[in-house]
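Structure file model.cif; described as mmCIF, N, CA and C atoms.
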data_target
#
loop_
_atom_site.label_atom_id
_atom_site.label_comp_id
_atom_site.auth_asym_id
_atom_site.auth_seq_id
_atom_site.Cartn_x
_atom_site.Cartn_y
_atom_site.Cartn_z
N MET A 1 -11.35 22.62 22.96
CA MET A 1 -11.89 22.08 21.72
C MET A 1 -11.44 20.63 21.59
N PRO A 2 -12.36 19.70 21.31
CA PRO A 2 -11.97 18.28 21.19
C PRO A 2 -11.10 18.04 19.97
N HIS A 3 -10.26 17.04 20.09
CA HIS A 3 -9.39 16.62 18.98
C HIS A 3 -10.25 16.10 17.84
N ARG A 4 -9.89 16.43 16.59
CA ARG A 4 -10.67 16.01 15.42
C ARG A 4 -10.91 14.51 15.40
N ALA A 5 -9.88 13.71 15.74
CA ALA A 5 -10.03 12.26 15.70
C ALA A 5 -11.11 11.79 16.66
N ALA A 6 -11.33 12.53 17.74
CA ALA A 6 -12.34 12.13 18.71
C ALA A 6 -13.75 12.37 18.18
N THR A 7 -13.89 13.24 17.18
CA THR A 7 -15.21 13.57 16.66
C THR A 7 -15.52 12.90 15.32
N VAL A 8 -14.53 12.28 14.70
CA VAL A 8 -14.71 11.65 13.40
C VAL A 8 -14.98 10.16 13.62
N PRO A 9 -16.07 9.65 13.04
CA PRO A 9 -16.34 8.21 13.17
C PRO A 9 -15.19 7.38 12.59
N ILE A 10 -14.94 6.24 13.19
CA ILE A 10 -13.83 5.39 12.77
C ILE A 10 -13.97 4.97 11.31
N HIS A 11 -15.18 4.77 10.82
CA HIS A 11 -15.34 4.36 9.42
C HIS A 11 -14.88 5.47 8.47
N GLU A 12 -15.03 6.73 8.86
CA GLU A 12 -14.52 7.83 8.03
C GLU A 12 -13.00 7.88 8.08
N MET A 13 -12.44 7.62 9.25
CA MET A 13 -10.98 7.58 9.38
C MET A 13 -10.40 6.44 8.54
N LYS A 14 -11.07 5.30 8.54
CA LYS A 14 -10.62 4.18 7.71
C LYS A 14 -10.68 4.54 6.23
N ALA A 15 -11.76 5.20 5.82
CA ALA A 15 -11.90 5.61 4.42
C ALA A 15 -10.76 6.55 4.03
N ASP A 16 -10.40 7.47 4.91
CA ASP A 16 -9.28 8.38 4.64
C ASP A 16 -7.97 7.60 4.51
N LEU A 17 -7.78 6.60 5.37
CA LEU A 17 -6.58 5.77 5.28
C LEU A 17 -6.54 5.04 3.94
N PHE A 18 -7.66 4.43 3.55
CA PHE A 18 -7.68 3.70 2.29
C PHE A 18 -7.48 4.63 1.09
N LYS A 19 -7.95 5.87 1.19
CA LYS A 19 -7.68 6.84 0.12
C LYS A 19 -6.19 7.09 -0.01
N ALA A 20 -5.51 7.20 1.13
CA ALA A 20 -4.06 7.43 1.11
C ALA A 20 -3.32 6.25 0.51
N LEU A 21 -3.87 5.06 0.65
CA LEU A 21 -3.23 3.84 0.13
C LEU A 21 -3.63 3.55 -1.31
N ALA A 22 -4.56 4.31 -1.85
CA ALA A 22 -5.20 3.99 -3.13
C ALA A 22 -4.36 4.36 -4.35
N HIS A 23 -3.11 3.98 -4.35
CA HIS A 23 -2.27 4.15 -5.54
C HIS A 23 -1.23 3.05 -5.54
N PRO A 24 -1.05 2.38 -6.68
CA PRO A 24 -0.11 1.25 -6.72
C PRO A 24 1.31 1.60 -6.28
N LEU A 25 1.78 2.80 -6.58
CA LEU A 25 3.14 3.18 -6.18
C LEU A 25 3.24 3.35 -4.66
N ARG A 26 2.18 3.85 -4.04
CA ARG A 26 2.21 3.98 -2.58
C ARG A 26 2.18 2.61 -1.92
N VAL A 27 1.38 1.71 -2.46
CA VAL A 27 1.35 0.34 -1.93
C VAL A 27 2.72 -0.31 -2.09
N ARG A 28 3.34 -0.13 -3.24
CA ARG A 28 4.67 -0.72 -3.47
C ARG A 28 5.70 -0.15 -2.49
N ALA A 29 5.66 1.15 -2.26
CA ALA A 29 6.58 1.76 -1.29
C ALA A 29 6.37 1.15 0.09
N LEU A 30 5.12 0.95 0.48
CA LEU A 30 4.84 0.34 1.78
C LEU A 30 5.33 -1.09 1.85
N GLU A 31 5.18 -1.83 0.75
CA GLU A 31 5.70 -3.21 0.73
C GLU A 31 7.21 -3.22 0.94
N LEU A 32 7.90 -2.31 0.30
CA LEU A 32 9.35 -2.23 0.46
C LEU A 32 9.72 -1.84 1.88
N LEU A 33 8.97 -0.92 2.46
CA LEU A 33 9.25 -0.48 3.83
C LEU A 33 8.84 -1.53 4.86
N ALA A 34 7.94 -2.42 4.48
CA ALA A 34 7.57 -3.52 5.39
C ALA A 34 8.75 -4.48 5.56
N GLU A 35 9.61 -4.55 4.55
CA GLU A 35 10.79 -5.40 4.64
C GLU A 35 11.82 -4.81 5.59
N ARG A 36 12.01 -3.47 5.51
CA ARG A 36 12.96 -2.76 6.38
C ARG A 36 12.85 -1.26 6.09
N GLU A 37 13.30 -0.45 7.02
CA GLU A 37 13.36 0.99 6.74
C GLU A 37 14.39 1.22 5.64
N GLN A 38 14.14 2.26 4.84
CA GLN A 38 15.00 2.46 3.66
C GLN A 38 15.18 3.94 3.37
N PRO A 39 16.37 4.29 2.89
CA PRO A 39 16.57 5.67 2.43
C PRO A 39 15.83 5.88 1.11
N VAL A 40 15.55 7.12 0.82
CA VAL A 40 14.84 7.46 -0.42
C VAL A 40 15.59 6.91 -1.63
N SER A 41 16.91 6.95 -1.61
CA SER A 41 17.70 6.47 -2.75
C SER A 41 17.42 5.00 -3.03
N ALA A 42 17.26 4.18 -2.00
CA ALA A 42 16.96 2.75 -2.20
C ALA A 42 15.55 2.57 -2.75
N LEU A 43 14.61 3.36 -2.25
CA LEU A 43 13.23 3.28 -2.77
C LEU A 43 13.21 3.67 -4.24
N LEU A 44 13.95 4.72 -4.59
CA LEU A 44 14.02 5.14 -5.99
C LEU A 44 14.58 4.03 -6.88
N ALA A 45 15.64 3.39 -6.42
CA ALA A 45 16.26 2.32 -7.21
C ALA A 45 15.30 1.15 -7.38
N ASP A 46 14.58 0.79 -6.32
CA ASP A 46 13.66 -0.35 -6.39
C ASP A 46 12.41 -0.05 -7.22
N MET A 47 11.95 1.19 -7.16
CA MET A 47 10.68 1.52 -7.79
C MET A 47 10.84 2.05 -9.21
N GLY A 48 12.00 2.60 -9.54
CA GLY A 48 12.23 3.07 -10.89
C GLY A 48 11.37 4.23 -11.32
N ILE A 49 11.08 5.15 -10.40
CA ILE A 49 10.29 6.34 -10.76
C ILE A 49 11.13 7.58 -10.46
N GLU A 50 10.67 8.72 -10.94
CA GLU A 50 11.39 9.98 -10.72
C GLU A 50 11.27 10.39 -9.25
N ALA A 51 12.31 11.05 -8.77
CA ALA A 51 12.36 11.48 -7.38
C ALA A 51 11.16 12.35 -7.00
N SER A 52 10.74 13.23 -7.91
CA SER A 52 9.61 14.11 -7.60
C SER A 52 8.32 13.32 -7.40
N HIS A 53 8.13 12.28 -8.20
CA HIS A 53 6.92 11.44 -8.05
C HIS A 53 6.96 10.69 -6.74
N LEU A 54 8.10 10.11 -6.41
CA LEU A 54 8.21 9.38 -5.14
C LEU A 54 7.98 10.32 -3.98
N SER A 55 8.53 11.51 -4.05
CA SER A 55 8.37 12.49 -2.98
C SER A 55 6.89 12.81 -2.74
N GLN A 56 6.14 12.97 -3.82
CA GLN A 56 4.70 13.26 -3.68
C GLN A 56 3.97 12.11 -3.01
N HIS A 57 4.29 10.88 -3.41
CA HIS A 57 3.61 9.71 -2.83
C HIS A 57 3.99 9.52 -1.37
N LEU A 58 5.26 9.73 -1.05
CA LEU A 58 5.69 9.61 0.34
C LEU A 58 5.05 10.69 1.21
N ALA A 59 4.84 11.87 0.65
CA ALA A 59 4.18 12.95 1.39
C ALA A 59 2.74 12.57 1.75
N VAL A 60 2.04 11.93 0.82
CA VAL A 60 0.68 11.47 1.10
C VAL A 60 0.70 10.46 2.25
N LEU A 61 1.64 9.53 2.20
CA LEU A 61 1.74 8.51 3.24
C LEU A 61 2.13 9.12 4.59
N ARG A 62 3.00 10.14 4.57
CA ARG A 62 3.37 10.83 5.82
C ARG A 62 2.17 11.54 6.42
N ARG A 63 1.43 12.27 5.58
CA ARG A 63 0.24 13.00 6.07
C ARG A 63 -0.78 12.04 6.66
N ALA A 64 -0.87 10.85 6.10
CA ALA A 64 -1.82 9.85 6.61
C ALA A 64 -1.29 9.17 7.88
N GLY A 65 -0.04 9.45 8.23
CA GLY A 65 0.53 8.86 9.43
C GLY A 65 0.97 7.43 9.27
N VAL A 66 1.13 6.98 8.03
CA VAL A 66 1.46 5.59 7.74
C VAL A 66 2.97 5.35 7.76
N VAL A 67 3.73 6.38 7.40
CA VAL A 67 5.19 6.27 7.40
C VAL A 67 5.79 7.42 8.20
N THR A 68 7.04 7.21 8.61
CA THR A 68 7.80 8.26 9.27
C THR A 68 9.07 8.50 8.47
N ALA A 69 9.63 9.69 8.61
CA ALA A 69 10.86 10.04 7.91
C ALA A 69 11.85 10.62 8.91
N VAL A 70 13.12 10.20 8.76
CA VAL A 70 14.19 10.74 9.59
C VAL A 70 15.29 11.22 8.66
N ARG A 71 15.71 12.47 8.86
CA ARG A 71 16.78 13.04 8.03
C ARG A 71 18.09 13.01 8.82
N GLU A 72 19.13 12.48 8.16
CA GLU A 72 20.49 12.52 8.70
C GLU A 72 21.39 13.05 7.60
N GLY A 73 21.80 14.29 7.73
CA GLY A 73 22.57 14.92 6.67
C GLY A 73 21.72 15.07 5.43
N ASN A 74 22.21 14.53 4.31
CA ASN A 74 21.46 14.58 3.05
C ASN A 74 20.57 13.37 2.84
N THR A 75 20.57 12.43 3.78
CA THR A 75 19.82 11.19 3.61
C THR A 75 18.52 11.23 4.40
N VAL A 76 17.42 10.92 3.72
CA VAL A 76 16.12 10.79 4.39
C VAL A 76 15.75 9.31 4.35
N THR A 77 15.52 8.76 5.52
CA THR A 77 15.16 7.34 5.64
C THR A 77 13.71 7.23 6.09
N TYR A 78 12.97 6.37 5.39
CA TYR A 78 11.56 6.14 5.70
C TYR A 78 11.37 4.80 6.37
N ALA A 79 10.34 4.74 7.20
CA ALA A 79 9.96 3.51 7.88
C ALA A 79 8.45 3.50 8.06
N LEU A 80 7.90 2.31 8.26
CA LEU A 80 6.48 2.22 8.60
C LEU A 80 6.28 2.85 9.97
N ALA A 81 5.20 3.57 10.13
CA ALA A 81 4.92 4.23 11.41
C ALA A 81 4.53 3.23 12.48
N ASP A 82 4.01 2.08 12.06
CA ASP A 82 3.54 1.07 13.00
C ASP A 82 3.60 -0.30 12.32
N PRO A 83 3.99 -1.34 13.05
CA PRO A 83 4.06 -2.68 12.43
C PRO A 83 2.70 -3.17 11.91
N SER A 84 1.62 -2.61 12.41
CA SER A 84 0.30 -3.06 11.94
C SER A 84 0.07 -2.71 10.47
N VAL A 85 0.83 -1.76 9.93
CA VAL A 85 0.72 -1.44 8.50
C VAL A 85 1.16 -2.66 7.69
N ALA A 86 2.24 -3.31 8.10
CA ALA A 86 2.70 -4.54 7.42
C ALA A 86 1.66 -5.63 7.57
N ASP A 87 1.03 -5.72 8.74
CA ASP A 87 -0.03 -6.71 8.95
C ASP A 87 -1.20 -6.46 8.00
N MET A 88 -1.55 -5.18 7.82
CA MET A 88 -2.64 -4.82 6.93
C MET A 88 -2.32 -5.21 5.49
N LEU A 89 -1.08 -4.96 5.06
CA LEU A 89 -0.66 -5.35 3.71
C LEU A 89 -0.72 -6.86 3.54
N GLY A 90 -0.30 -7.58 4.56
CA GLY A 90 -0.36 -9.05 4.52
C GLY A 90 -1.78 -9.55 4.45
N ALA A 91 -2.67 -8.92 5.22
CA ALA A 91 -4.08 -9.32 5.20
C ALA A 91 -4.69 -9.06 3.82
N ALA A 92 -4.34 -7.94 3.20
CA ALA A 92 -4.85 -7.64 1.86
C ALA A 92 -4.35 -8.67 0.86
N ARG A 93 -3.09 -9.05 0.98
CA ARG A 93 -2.52 -10.06 0.08
C ARG A 93 -3.24 -11.40 0.24
N THR A 94 -3.45 -11.81 1.49
CA THR A 94 -4.16 -13.06 1.76
C THR A 94 -5.57 -13.03 1.17
N PHE A 95 -6.28 -11.93 1.38
CA PHE A 95 -7.62 -11.77 0.85
C PHE A 95 -7.63 -11.89 -0.67
N LEU A 96 -6.69 -11.18 -1.32
CA LEU A 96 -6.65 -11.19 -2.78
C LEU A 96 -6.27 -12.56 -3.34
N LEU A 97 -5.33 -13.23 -2.70
CA LEU A 97 -4.96 -14.58 -3.16
C LEU A 97 -6.11 -15.56 -3.00
N ARG A 98 -6.85 -15.45 -1.91
CA ARG A 98 -8.02 -16.33 -1.71
C ARG A 98 -9.09 -16.06 -2.76
N ARG A 99 -9.30 -14.78 -3.07
CA ARG A 99 -10.27 -14.44 -4.12
C ARG A 99 -9.83 -14.99 -5.45
N LEU A 100 -8.54 -14.87 -5.75
CA LEU A 100 -8.01 -15.39 -7.00
C LEU A 100 -8.18 -16.90 -7.07
N ASP A 101 -7.88 -17.59 -5.96
CA ASP A 101 -8.07 -19.05 -5.92
C ASP A 101 -9.53 -19.42 -6.16
N ALA A 102 -10.44 -18.68 -5.53
CA ALA A 102 -11.87 -18.98 -5.68
C ALA A 102 -12.30 -18.75 -7.13
N THR A 103 -11.84 -17.68 -7.72
CA THR A 103 -12.20 -17.38 -9.11
C THR A 103 -11.62 -18.43 -10.05
N THR A 104 -10.36 -18.78 -9.82
CA THR A 104 -9.72 -19.80 -10.66
C THR A 104 -10.44 -21.14 -10.52
N GLY A 105 -10.81 -21.48 -9.28
CA GLY A 105 -11.54 -22.72 -9.05
C GLY A 105 -12.90 -22.72 -9.72
N ALA A 106 -13.58 -21.59 -9.65
CA ALA A 106 -14.90 -21.49 -10.29
C ALA A 106 -14.77 -21.61 -11.80
N LEU A 107 -13.77 -20.98 -12.37
CA LEU A 107 -13.57 -21.07 -13.82
C LEU A 107 -13.20 -22.49 -14.22
N SER A 108 -12.38 -23.14 -13.41
CA SER A 108 -12.00 -24.52 -13.69
C SER A 108 -13.22 -25.42 -13.63
N GLY A 109 -14.09 -25.16 -12.67
CA GLY A 109 -15.32 -25.95 -12.56
C GLY A 109 -16.22 -25.80 -13.76
N LEU A 110 -16.19 -24.64 -14.39
CA LEU A 110 -17.00 -24.42 -15.57
C LEU A 110 -16.51 -25.24 -16.76
N THR A 111 -15.20 -25.46 -16.82
CA THR A 111 -14.65 -26.18 -17.97
C THR A 111 -14.61 -27.68 -17.74
N ASP A 112 -14.65 -28.14 -16.48
CA ASP A 112 -14.64 -29.58 -16.20
C ASP A 112 -15.92 -30.23 -16.73
N GLY A 113 -15.77 -31.17 -17.63
CA GLY A 113 -16.92 -31.89 -18.15
C GLY A 113 -17.71 -31.14 -19.19
N ALA A 114 -17.34 -29.92 -19.46
CA ALA A 114 -18.06 -29.15 -20.47
C ALA A 114 -17.48 -29.48 -21.84
N PRO A 115 -18.33 -29.53 -22.84
CA PRO A 115 -17.79 -29.79 -24.18
C PRO A 115 -16.89 -28.65 -24.62
N ALA A 116 -15.88 -29.00 -25.35
CA ALA A 116 -14.94 -27.99 -25.86
C ALA A 116 -15.66 -27.08 -26.84
N ALA A 117 -15.29 -25.82 -26.79
CA ALA A 117 -15.88 -24.86 -27.71
C ALA A 117 -15.36 -25.14 -29.12
N PRO A 118 -16.24 -25.02 -30.10
CA PRO A 118 -15.78 -25.25 -31.48
C PRO A 118 -14.72 -24.22 -31.88
N ARG A 119 -13.76 -24.68 -32.65
CA ARG A 119 -12.72 -23.76 -33.13
C ARG A 119 -13.18 -23.15 -34.44
N ALA A 120 -12.87 -21.90 -34.58
CA ALA A 120 -13.26 -21.19 -35.80
C ALA A 120 -12.28 -21.41 -36.91
#
How does the structure come out when it is put into structure tokens?
Amino acid sequence: MPHRAATVPIHEMKADLFKALAHPLRVRALELLAEREQPVSALLADMGIEASHLSQHLAVLRRAGVVTAVREGNTVTYALADPSVADMLGAARTFLLRRLDATTGALSGLTDGAPAAPRA
């Protein structure tokens, strides 16, 4: 029987990946892990959420294959599964900053030379 990944179109696999990333807390956890691998306790301190919530979000990221977890005694340390995850986060940041710049520039262009709106 062929492996599921061999039969699923890449665009569907990408959509599944983006679904796994589609929560601000999961994105924040990935940003922290892009800096360095971290134990759950450090992620909890940085993110300020309950352990049960973090655990659920990390489970989604593990199932998606985006992060890995290693247990040593009572400590579980998470890391990005691949450096390309950090590259993807950086590309998203660049895209969003460029969009913001374009929007800000367009809005600025609207106000340049335009008469001031009357004050009520």
Where does stretch 76-104 of chain A meet stretch 29-51 of chain A within 7 Å, residue by residue, with the nearest atom pair and distance in Å to one decimal for each, counting only C-alpha atoms, listed by chain and rising number, as a Markdown table?
| residue | atom | partner | partner_atom | distance |
| --- | --- | --- | --- | --- |
| A:Val76 | CA | A:Pro39 | CA | 5.5 |
| A:Thr77 | CA | A:Pro39 | CA | 3.9 |
| A:Tyr78 | CA | A:Gln38 | CA | 5.4 |
| A:Ala79 | CA | A:Glu37 | CA | 4.4 |
| A:Leu80 | CA | A:Leu33 | CA | 6.1 |
| A:Ala86 | CA | A:Ala34 | CA | 5.4 |
Matched chain/residue IDs from the PyMOL selection byres (((chain A and resi 58 and name CA) around 10) and name CA), as a list in words = Leu25, Arg26, Ala29, Leu30, Val40, Ser52, His53, Leu54, Ser55, Gln56, His57, Ala59, Val60, Leu61, Arg62, Arg63, Ala64, Val66, Val67, Thr68, Ala69 and Tyr78 of chain A
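Reported to one decimal place, the separation of atom CA of A:Gly65 from atom C of A:Asp16 is 9.9 Å.
Here atom C of A:Pro24 stands at a distance of 25.7 Å from atom CA of A:Asn74.
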Per DSSP on the backbone, what are the alpha helix (DSSP H) residues of chain A, as a PyMOL selection string?
-> chain A and resi 4-7+10-21+24-35+40-47+51-63+83-111
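You will find atom C of A:Pro9 at 22.2 Å from atom C of A:Leu89.
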Determine which residues of stretch 3-117 of chain A DSSP labels as strand (DSSP E or B) from the backbone of this structure, then write them out as an MDAnalysis selection string.
-> chainID A and resid 38:39 67:72 75:80
